file coords_9.cif (mmCIF, C-alpha atoms)
data_data
#
loop_
_atom_site.label_atom_id
_atom_site.label_comp_id
_atom_site.auth_asym_id
_atom_site.auth_seq_id
_atom_site.Cartn_x
_atom_site.Cartn_y
_atom_site.Cartn_z
CA MET A 204 -129.09 288.08 32.81
CA THR A 205 -131.69 290.80 33.34
CA THR A 206 -131.79 294.60 33.38
CA PHE A 207 -133.93 296.53 35.82
CA ALA A 208 -134.34 299.99 37.34
CA TRP A 209 -133.20 300.71 40.89
CA LEU A 210 -132.78 303.58 43.32
CA LYS A 211 -130.99 303.91 46.63
CA GLY A 212 -132.02 305.95 49.64
CA HIS A 213 -131.50 306.18 53.37
CA GLY A 214 -133.15 307.40 56.55
CA THR A 215 -130.53 308.39 59.14
CA GLU A 216 -128.08 306.16 57.22
CA ASN A 217 -130.31 303.09 57.37
CA ASP A 218 -130.00 302.40 53.64
CA PHE A 219 -132.17 300.59 51.15
CA VAL A 220 -132.28 299.53 47.52
CA ILE A 221 -135.63 300.44 45.97
CA LEU A 222 -136.96 298.24 43.17
CA PRO A 223 -139.80 299.76 41.09
CA ASP A 224 -142.07 296.85 40.14
CA PRO A 225 -145.64 298.20 39.87
CA ASP A 226 -147.36 295.07 38.59
CA GLY A 227 -144.95 292.56 40.16
CA THR A 228 -143.71 291.20 36.85
CA VAL A 229 -140.13 292.47 36.92
CA HIS A 230 -138.91 290.51 39.94
CA GLY A 231 -141.56 287.84 40.37
CA ASP A 232 -141.46 286.38 43.87
CA LEU A 233 -138.25 288.33 44.63
CA ASP A 234 -135.88 285.47 45.34
CA ALA A 235 -134.18 285.68 48.75
CA THR A 236 -130.78 284.78 47.32
CA PHE A 237 -131.04 287.66 44.84
CA VAL A 238 -132.03 290.10 47.59
CA ALA A 239 -129.09 289.02 49.75
CA ALA A 240 -126.67 289.42 46.83
CA LEU A 241 -128.12 292.84 45.95
CA CYS A 242 -127.67 294.02 49.55
CA ASP A 243 -124.16 292.64 49.88
CA ARG A 244 -121.71 295.54 50.23
CA ARG A 245 -118.97 293.76 48.27
CA ARG A 246 -120.79 291.86 45.54
CA GLY A 247 -123.92 293.97 45.15
CA ILE A 248 -125.19 297.53 45.48
CA GLY A 249 -125.08 297.29 49.26
CA ALA A 250 -127.94 298.04 51.65
CA ASP A 251 -129.64 297.10 54.91
CA GLY A 252 -132.67 295.91 52.97
CA VAL A 253 -134.76 296.04 49.80
CA LEU A 254 -137.98 298.01 49.28
CA ARG A 255 -139.98 296.77 46.30
CA ALA A 256 -142.64 299.21 45.11
CA VAL A 257 -145.70 297.24 44.04
CA ARG A 258 -149.26 298.44 43.51
CA ALA A 259 -151.46 297.40 46.41
CA ALA A 260 -154.35 295.01 45.92
CA PRO A 261 -157.78 296.57 45.34
CA GLY A 262 -159.53 297.41 48.58
CA GLU A 263 -156.32 297.44 50.60
CA GLY A 264 -156.71 301.12 51.46
CA ALA A 265 -153.59 302.38 49.68
CA GLU A 266 -152.30 302.60 46.14
CA TRP A 267 -148.80 301.31 46.92
CA PHE A 268 -147.50 298.33 48.87
CA MET A 269 -144.00 298.30 50.42
CA ASP A 270 -142.65 294.78 49.92
CA TYR A 271 -139.79 294.89 52.45
CA ARG A 272 -136.99 292.33 52.67
CA ASN A 273 -134.11 292.18 55.14
CA ALA A 274 -130.52 292.17 53.89
CA ASP A 275 -130.37 288.38 54.19
CA GLY A 276 -133.43 288.06 51.92
CA SER A 277 -135.90 287.22 54.66
CA ILE A 278 -139.32 288.87 54.73
CA ALA A 279 -140.03 291.46 57.44
CA GLU A 280 -143.35 292.84 58.64
CA MET A 281 -142.35 296.47 58.90
CA CYS A 282 -139.47 298.97 58.71
CA GLY A 283 -139.90 302.49 60.10
CA ASN A 284 -137.00 304.09 58.24
CA GLY A 285 -137.84 302.01 55.18
CA VAL A 286 -141.42 303.25 54.90
CA ARG A 287 -140.21 306.86 55.08
CA VAL A 288 -137.63 306.24 52.32
CA PHE A 289 -140.33 304.44 50.35
CA ALA A 290 -142.57 307.49 50.77
CA ARG A 291 -139.77 309.77 49.57
CA TYR A 292 -139.43 307.62 46.44
CA LEU A 293 -143.17 307.82 45.75
CA ALA A 294 -143.10 311.62 46.01
CA LEU A 295 -139.94 311.95 43.91
CA GLU A 296 -141.51 309.94 41.11
CA GLY A 297 -144.79 311.88 41.26
CA LEU A 298 -146.69 308.75 42.22
CA VAL A 299 -148.46 310.40 45.16
CA ASP A 300 -149.59 313.89 46.20
CA SER A 301 -147.12 314.83 48.94
CA SER A 302 -149.17 317.86 50.02
CA VAL A 303 -151.56 315.54 51.86
CA PRO A 304 -151.06 312.49 54.12
CA VAL A 305 -150.37 309.36 52.08
CA PRO A 306 -151.32 305.80 53.08
CA VAL A 307 -148.77 303.05 52.40
CA ALA A 308 -149.67 299.37 52.62
CA THR A 309 -147.24 297.12 54.54
CA ARG A 310 -147.35 293.63 56.00
CA ASP A 311 -148.18 295.34 59.30
CA GLY A 312 -151.16 297.14 57.81
CA ILE A 313 -151.62 300.68 56.50
CA LYS A 314 -149.09 303.31 57.59
CA VAL A 315 -149.91 306.98 56.92
CA VAL A 316 -146.98 309.26 56.07
CA THR A 317 -146.85 313.05 56.20
CA TYR A 318 -144.28 315.14 54.31
CA ASP A 319 -142.54 318.15 55.87
CA GLY A 320 -139.56 319.23 53.76
CA VAL A 321 -136.64 316.84 54.25
CA ALA A 322 -138.48 315.18 57.13
CA ILE A 323 -141.17 312.56 56.82
CA ALA A 324 -143.37 311.41 59.69
CA VAL A 325 -145.12 308.07 59.74
CA ASP A 326 -147.91 306.91 62.01
CA MET A 327 -146.60 303.55 63.20
CA GLY A 328 -149.91 302.46 64.67
CA VAL A 329 -150.20 301.24 68.26
CA PRO A 330 -147.03 299.53 69.52
CA ARG A 331 -147.49 297.09 72.39
CA LEU A 332 -145.35 297.17 75.51
CA GLN A 333 -144.96 293.61 76.74
CA GLY A 334 -143.07 291.78 79.45
CA GLU A 335 -139.38 291.38 80.17
CA SER A 336 -136.95 288.93 78.66
CA LYS A 337 -133.15 288.71 78.66
CA VAL A 338 -130.41 289.41 76.12
CA VAL A 339 -126.71 288.60 76.37
CA ALA A 340 -123.97 290.67 74.72
CA GLU A 341 -120.22 290.32 75.33
CA GLY A 342 -121.01 287.70 77.97
CA THR A 343 -123.19 290.06 80.03
CA ALA A 344 -126.88 289.31 80.53
CA ARG A 345 -129.32 292.21 80.76
CA ALA A 346 -133.04 292.53 81.27
CA ALA A 347 -134.81 293.63 78.09
CA ARG A 348 -138.28 295.07 77.64
CA GLN A 349 -140.29 293.39 74.91
CA VAL A 350 -141.99 295.79 72.49
CA ASP A 351 -144.11 294.85 69.47
CA VAL A 352 -143.92 297.54 66.76
CA GLY A 353 -145.38 295.29 64.11
CA ASN A 354 -142.08 293.44 64.40
CA PRO A 355 -140.45 292.16 67.61
CA HIS A 356 -138.01 294.18 69.72
CA ALA A 357 -136.05 293.69 72.93
CA VAL A 358 -134.85 296.91 74.59
CA ALA A 359 -131.97 296.75 77.07
CA PHE A 360 -130.77 299.79 79.03
CA VAL A 361 -127.05 300.40 79.45
CA ASP A 362 -124.97 303.13 81.10
CA ASP A 363 -122.81 303.46 77.98
CA LEU A 364 -123.45 302.26 74.43
CA GLY A 365 -119.98 300.71 74.37
CA GLN A 366 -121.32 298.08 76.75
CA ALA A 367 -123.13 296.53 73.80
CA GLY A 368 -119.73 295.50 72.42
CA THR A 369 -118.98 295.26 68.72
CA LEU A 370 -122.37 293.74 67.81
CA LEU A 371 -120.55 291.78 65.13
CA VAL A 372 -122.25 288.72 66.59
CA GLU A 373 -125.96 288.66 67.25
CA PRO A 374 -126.68 289.00 70.98
CA GLU A 375 -128.24 285.96 72.58
CA TYR A 376 -131.98 286.00 73.29
CA ASP A 377 -134.69 283.57 74.33
CA PRO A 378 -135.95 281.79 71.19
CA ALA A 379 -139.03 280.63 73.09
CA VAL A 380 -140.02 284.30 73.48
CA PHE A 381 -138.89 285.33 70.00
CA PRO A 382 -139.31 282.26 67.75
CA GLU A 383 -138.89 284.34 64.56
CA GLY A 384 -135.91 286.33 65.82
CA VAL A 385 -135.79 289.81 67.32
CA ASN A 386 -134.36 293.28 66.85
CA ILE A 387 -132.25 294.15 69.89
CA GLU A 388 -131.74 297.75 71.05
CA PHE A 389 -129.20 298.96 73.58
CA VAL A 390 -130.31 302.30 74.99
CA ALA A 391 -128.44 304.91 77.06
CA ARG A 392 -129.97 308.06 78.54
CA ARG A 393 -128.70 311.44 77.34
CA GLY A 394 -131.11 313.80 79.13
CA PRO A 395 -134.80 314.42 79.79
CA ARG A 396 -136.74 312.56 77.09
CA HIS A 397 -133.49 312.09 75.17
CA VAL A 398 -131.77 308.73 74.59
CA ALA A 399 -129.11 307.25 72.33
CA MET A 400 -129.38 303.81 70.78
CA ARG A 401 -127.48 301.08 68.99
CA VAL A 402 -129.29 298.19 67.38
CA HIS A 403 -128.67 294.71 66.04
CA GLU A 404 -131.40 294.03 63.47
CA ARG A 405 -132.44 290.50 62.71
CA GLY A 406 -131.40 289.56 59.22
CA ALA A 407 -129.07 292.58 58.86
CA GLY A 408 -126.69 292.85 61.84
CA GLU A 409 -125.83 296.19 63.41
CA THR A 410 -127.28 299.04 61.37
CA ARG A 411 -126.76 302.79 61.56
CA SER A 412 -130.39 303.30 62.47
CA CYS A 413 -133.66 301.44 62.95
CA GLY A 414 -136.99 303.25 62.86
CA THR A 415 -139.09 300.62 64.60
CA GLY A 416 -136.21 300.22 67.05
CA ALA A 417 -136.33 303.94 67.84
CA VAL A 418 -140.06 303.60 68.55
CA ALA A 419 -139.41 300.59 70.80
CA ALA A 420 -136.62 302.43 72.62
CA ALA A 421 -138.74 305.55 73.16
CA LEU A 422 -141.75 303.63 74.45
CA ALA A 423 -139.68 301.44 76.76
CA THR A 424 -138.01 304.56 78.16
CA ALA A 425 -141.32 306.39 78.54
CA ALA A 426 -142.74 303.42 80.43
CA THR A 427 -139.71 303.44 82.74
CA ASP A 428 -140.14 307.21 83.23
CA GLY A 429 -143.85 306.88 83.93
CA ALA A 430 -144.57 309.24 81.03
CA ASP A 431 -148.11 308.59 79.84
CA PRO A 432 -149.71 310.72 77.09
CA ALA A 433 -153.13 309.97 78.55
CA ASP A 434 -152.11 312.02 81.61
CA GLY A 435 -150.47 315.10 80.11
CA GLY A 436 -150.71 315.06 76.33
CA ASP A 437 -148.29 313.90 73.65
CA VAL A 438 -144.97 312.48 74.84
CA THR A 439 -142.00 313.02 72.50
CA TYR A 440 -138.55 311.47 72.85
CA ARG A 441 -135.43 312.30 70.89
CA VAL A 442 -133.56 309.17 69.83
CA ASP A 443 -129.96 309.56 68.64
CA VAL A 444 -128.67 306.75 66.43
CA PRO A 445 -125.22 306.42 64.82
CA GLY A 446 -126.68 307.79 61.58
CA GLY A 447 -128.51 310.82 62.95
CA THR A 448 -131.54 311.76 65.03
CA LEU A 449 -135.15 310.59 65.06
CA HIS A 450 -138.12 311.79 67.09
CA VAL A 451 -140.87 309.55 68.40
CA THR A 452 -144.16 310.96 69.65
CA TRP A 453 -146.48 308.78 71.71
CA LYS A 454 -150.04 310.08 71.43
CA ALA A 455 -153.03 309.79 73.74
CA ASP A 456 -154.74 307.31 71.38
CA GLY A 457 -151.75 304.97 71.76
CA HIS A 458 -150.34 305.63 68.30
CA ALA A 459 -146.61 306.31 67.88
CA VAL A 460 -145.38 308.75 65.22
CA LEU A 461 -141.81 308.42 63.93
CA ALA A 462 -140.25 311.49 62.29
CA GLY A 463 -136.90 312.11 60.65
CA PRO A 464 -135.10 312.70 57.35
CA ALA A 465 -135.42 310.44 54.31
CA VAL A 466 -133.49 311.00 51.08
CA ILE A 467 -132.91 309.33 47.72
CA ILE A 468 -129.22 309.43 46.78
CA ALA A 469 -128.84 307.49 43.52
CA ARG A 470 -130.68 305.79 40.70
CA GLY A 471 -129.87 303.83 37.58
CA ASP A 472 -130.43 300.73 35.49
CA LEU A 473 -128.58 297.58 36.41
CA THR A 474 -127.79 294.59 34.26
CA TRP A 475 -127.60 291.77 36.78
CA LEU A 476 -125.18 289.04 35.81
CA GLY A 477 -125.70 287.06 39.00
#

call {"tool": "encode", "arguments": {"input": "coords_9.cif", "output": "structure tokens"}}
result
Amino acid sequence: MTTFAWLKGHGTENDFVILPDPDGTVHGDLDATFVAALCDRRRGIGADGVLRAVRAAPGEGAEWFMDYRNADGSIAEMCGNGVRVFARYLALEGLVDSSVPVPVATRDGIKVVTYDGVAIAVDMGVPRLQGESKVVAEGTARAARQVDVGNPHAVAFVDDLGQAGTLLVEPEYDPAVFPEGVNIEFVARRGPRHVAMRVHERGAGETRSCGTGAVAAALATAATDGADPADGGDVTYRVDVPGGTLHVTWKADGHAVLAGPAVIIARGDLTWLG
């Protein structure tokens, strides 16, 4: 039995439990079974993942490290909505100066966040558009564009988001291409530089939103559209997800910036009985 502080927040309804643990002594190695139980929506607090706030190692280029875990307890490299919620927590607690850009250390390197009222933008670095693979949902195979956003994505275009089915079962994919699993986005066009998306996240199932998935969807669409920021300046796509709206800007230097709301909704102390 142990008692610890926690908060809960979400970015476009992609929700997370935040565990303050500055020196890493409260939760130790953060056991995967504990994380999965904490994220369970019937026997825990309920969330798509856990964000542990730990001080970064000296020389890492940031004061805070986002130790992100998927809902099943597995370790993930990056989470676009998660880093924005993490940044909101840091500002709420007075741990950073939100009037200036703030670097956050992640397993995918340093991400710089910028605060603008309820919105937070994060420089996601340089995503990599890769080749094509295949995903299968509801018995239908579709071509999928591979995009590396620090974590792996497969983007499949559909005429209607209902064609993705219930997403209660993980769509099939090629494990030779994605040996560590993959986040799978189904994307439908809504207008010029405007798409809608559903996603099945590895380790979490279908979620209401996925920040890295929105980046992958926007870049895959831009590539299909022939929209290149090197030709005419920044390229911005609106990405509608079940939990709200995100905007992704692809810049001439190759960096992608993800912007959208991030809020903290609850906090408390929990005595965990296991």

call {"tool": "closest_residue", "arguments": {"input": "coords_9.cif", "among": "A:Val372, A:Val329, A:Ile467, A:Ile278", "to": "A:Ala290", "atoms": "all atoms listed in the file"}}
result
A:Ile467

call {"tool": "resolve_selection", "arguments": {"input": "coords_9.cif", "expression": "the PyMOL selection byres ((chain A and resi 320-323) around 7)", "output": "VMD selection string"}}
result
chain A and resid 287 316 to 319 324 to 325 462 to 465

call {"tool": "resolve_selection", "arguments": {"input": "coords_9.cif", "expression": "the PyMOL selection byres ((chain A and resi 416-433) around 8)", "output": "count of residues only"}}
result
36

call {"tool": "atom_distance", "arguments": {"input": "coords_9.cif", "atom1": "atom CA of A:Leu298", "atom2": "atom CA of A:Glu266"}}
result
9.2 Å

call {"tool": "atom_distance", "arguments": {"input": "coords_9.cif", "atom1": "atom CA of A:Glu296", "atom2": "atom CA of A:Gly477"}}
result
27.9 Å

call {"tool": "atom_distance", "arguments": {"input": "coords_9.cif", "atom1": "atom CA of A:Lys211", "atom2": "atom CA of A:Phe268"}}
result
17.6 Å

call {"tool": "closest_residue", "arguments": {"input": "coords_9.cif", "among": "A:Val444, A:Thr439, A:Arg411, A:Thr369", "to": "A:Ala391", "atoms": "all atoms listed in the file"}}
result
A:Val444

call {"tool": "resolve_selection", "arguments": {"input": "coords_9.cif", "expression": "the PyMOL selection byres ((chain A and resi 288) around 7)", "output": "ChimeraX atom specification"}}
result
/A:212-214,284-287,289-292,465-466

call {"tool": "closest_residue", "arguments": {"input": "coords_9.cif", "among": "A:Pro355, A:Pro445, A:Gly406, A:Gly249", "to": "A:Asp275", "atoms": "all atoms listed in the file"}}
result
A:Gly406

call {"tool": "closest_residue", "arguments": {"input": "coords_9.cif", "among": "A:Leu476, A:Ile468, A:Ala340, A:Ile313", "to": "A:Gly264", "atoms": "all atoms listed in the file"}}
result
A:Ile313

call {"tool": "residues_around", "arguments": {"input": "coords_9.cif", "residues": "A:Asp226", "least_positions_apart": "2", "cutoff": "12 Å", "atoms": "all atoms listed in the file", "output": "list in words"}}
result
Leu222, Pro223, Asp224, Thr228, Val229, His230, Gly231, Asp232, Arg255, Ala256, Val257, Arg258, Ala259, Ala260, Glu266, Trp267 and Phe268 of chain A

call {"tool": "closest_residue", "arguments": {"input": "coords_9.cif", "among": "A:Gly471, A:Gly328, A:Gly394, A:Pro225", "to": "A:Leu293", "atoms": "only C-alpha atoms"}}
result
A:Pro225

call {"tool": "closest_residue", "arguments": {"input": "coords_9.cif", "among": "A:Trp209, A:Phe360, A:Phe219, A:Tyr271", "to": "A:Ala235", "atoms": "only C-alpha atoms"}}
result
A:Tyr271

call {"tool": "residues_near_point", "arguments": {"input": "coords_9.cif", "point": "(-125.5, 294.7, 28.4)", "cutoff": "10 Å", "atoms": "only C-alpha atoms", "output": "list of chain:residue names"}}
result
A:Met204, A:Thr205, A:Thr206, A:Leu473, A:Thr474, A:Trp475, A:Leu476

call {"tool": "residues_around", "arguments": {"input": "coords_9.cif", "residues": "A:Gly408", "least_positions_apart": "5", "cutoff": "8 Å", "atoms": "all atoms listed in the file", "output": "count of residues only"}}
result
5

call {"tool": "residues_near_point", "arguments": {"input": "coords_9.cif", "point": "(-123.9, 303.7, 81.0)", "cutoff": "12 Å", "atoms": "only C-alpha atoms", "output": "ChimeraX atom specification"}}
result
/A:359-367,389-393,398-400

call {"tool": "residues_around", "arguments": {"input": "coords_9.cif", "residues": "A:Gly353", "least_positions_apart": "6", "cutoff": "10 Å", "atoms": "all atoms listed in the file", "output": "VMD selection string"}}
result
chain A and resid 279 to 283 309 to 312 327 to 331 415
